[in-house]
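J.: The structure's right below; bear with me while I get my questions together.
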Amino acid sequence: MPSSSPLPLDPIEEAHRQWTEHGWGAVADGMAAVTSVVRAQQIMMARVDEALKPFGLTFSRYELLTLLTFTRSGALPMAKASARLQVHPTSVTNAVDRLEAAGLVRRVPHPTDRRATLVEITDAGRDISRRATESLNEKVFAEPGLAPDKLDSLIRILTELRHQSGDFDTGDQPGKWH
């Protein structure tokens with residue numbers, strides 16, 4: 001997975017040791033947890049970026065295309081796409097601009113709300129989304145770097161963190177991992 005030689009020590013473990021030595025032992029585990037999640041995200045995104053590079057897609061553009069393929073009509077209001085992707089509307093606008101310039105989506109008027117604009121996937125967008133998904137499935141998702149039983153544990157832990165942070169609220173309907 002890493003493109004360079006591994007370090008001869010775990011820098012997060014060393015940071016934990018230093019935190020403790022400098023009198024911040026009470027928060028050293030929290031620092032190590034946050035730093036570990038951030039580093040894991042960097043490692044995973046490097047793999048994702050490598051898989052998407054041949055398609056000229058960033059992960060955010062890929063997510064938008066894939067979201068559109070999951071809709072019945074292949075279109076969503078821009079505001080709804082922003083909410084579902086959990087990103088600022090400006091980010092969706094930027095992604096739509098780039099995808100539209102590449103011929104992968106188009107903006108169309110909302111049929112019942114003159115104030116809203118739909119983003120609609122094109123046939124070319126569907127094709128590239130399908131091929132990019134196949135690449136991600138093969139190169140990243142099939143071997144994410146942990147055994148299946150550890151993946152389930154990781155997902156449960158991260159789901160709890162996300163839920164406790166207010167990322168989602170399923171009410172009385174528990175999900176798969178909580």
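FYI, nothing fancy with the structure tokens labels: chains A, B, ... in order, residues from 1 per chain, ligands from 1 as they appear.
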At a cut-off of 7 Å, using only C-alpha atoms, what residues contact region 129-134 of chain A? Leave out same-chain residues fewer than 2 positions from it and give the result as a VMD selection string.
T.: chain A and resid 52 55 62 65 to 66 125 to 127 136 to 138
J.: Write the residues of the preceding selection, restricted to C-alpha atoms, as a CSV table (one decimal), in the first residue's frame.
T.:
```
chain,number,residue,atom,x,y,z
A,52,LEU,CA,-9.9,7.2,-10.1
A,55,PHE,CA,-11.1,8.4,-15.3
A,62,TYR,CA,-17.2,10.3,-8.4
A,65,LEU,CA,-22.0,10.8,-10.3
A,66,THR,CA,-22.6,7.6,-8.3
A,125,GLY,CA,-21.6,10.0,-16.9
A,126,ARG,CA,-23.3,6.6,-16.3
A,127,ASP,CA,-20.6,4.8,-18.2
A,136,LEU,CA,-12.6,1.1,-7.0
A,137,ASN,CA,-14.2,-2.3,-6.2
A,138,GLU,CA,-11.2,-4.1,-7.6
```
J.: What are the closest atom pairs, with distances in Å to one decimal, for each residue of region 21-44 of chain A lying within 12 Å of region 148-163 of chain A, using only C-alpha atoms, rows by chain and rising residue number, as JSON lines?
T.:
```
{"residue": "A:Ala33", "atom": "CA", "partner": "A:Leu158", "partner_atom": "CA", "distance": 11.4}
{"residue": "A:Val34", "atom": "CA", "partner": "A:Leu161", "partner_atom": "CA", "distance": 11.2}
{"residue": "A:Val37", "atom": "CA", "partner": "A:Leu158", "partner_atom": "CA", "distance": 9.5}
{"residue": "A:Ala40", "atom": "CA", "partner": "A:Leu154", "partner_atom": "CA", "distance": 11.7}
```
J.: Export, as a PDB file, in the first residue's frame, the selected residues with N, CA, C and O atoms.
T.:
```pdb
ATOM      1  N   ALA A  33      -5.688   8.653  18.757  1.00  0.00           N
ATOM      2  CA  ALA A  33      -6.876   8.208  18.019  1.00  0.00           C
ATOM      3  C   ALA A  33      -7.168   9.134  16.848  1.00  0.00           C
ATOM      4  O   ALA A  33      -7.356   8.676  15.710  1.00  0.00           O
ATOM      5  N   VAL A  34      -7.196  10.439  17.119  1.00  0.00           N
ATOM      6  CA  VAL A  34      -7.495  11.402  16.053  1.00  0.00           C
ATOM      7  C   VAL A  34      -6.422  11.340  14.969  1.00  0.00           C
ATOM      8  O   VAL A  34      -6.724  11.276  13.769  1.00  0.00           O
ATOM      9  N   VAL A  37      -6.798   8.178  12.814  1.00  0.00           N
ATOM     10  CA  VAL A  37      -7.908   8.257  11.862  1.00  0.00           C
ATOM     11  C   VAL A  37      -7.528   9.153  10.684  1.00  0.00           C
ATOM     12  O   VAL A  37      -7.773   8.808   9.518  1.00  0.00           O
ATOM     13  N   ALA A  40      -5.024   7.260   8.538  1.00  0.00           N
ATOM     14  CA  ALA A  40      -5.712   6.188   7.811  1.00  0.00           C
ATOM     15  C   ALA A  40      -6.506   6.761   6.637  1.00  0.00           C
ATOM     16  O   ALA A  40      -6.518   6.195   5.540  1.00  0.00           O
TER      17      ALA A  40
END
```
J.: Just asking: which residues within region 70-121 of chain A are strand (DSSP E or B) according to DSSP, as a list in words?
T.: Ala75, Leu76, Pro77, Val105, Arg106, Arg107, Val108, Pro109, Thr117, Leu118, Val119, Glu120 and Ile121 of chain A
J.: Name the residues in contact with region 73-84 of chain A at a cut-off of 9 Å, using only C-alpha atoms, excluding same-chain residues fewer than 4 positions from it; report them as a PyMOL selection string.
T.: chain A and resi 64+67-69+88-93+96+108+110+116-122+126
J.: Would you mind writing down, as an MDAnalysis selection string, each residue of chain A that DSSP on the backbone assigns to alpha helix (DSSP H)?
T.: chainID A and resid 11:19 25:52 59:69 78:85 89:101 123:136 148:164
J.: Pick out the closest residue to Thr58 (chain A) from this set: A:Ala142, A:Leu99, A:Leu85, A:Ala147. Count only C-alpha atoms.
T.: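 Nearest candidate to Thr58 (chain A) out of A:Ala142, A:Leu99, A:Leu85, A:Ala147: A:Leu99.
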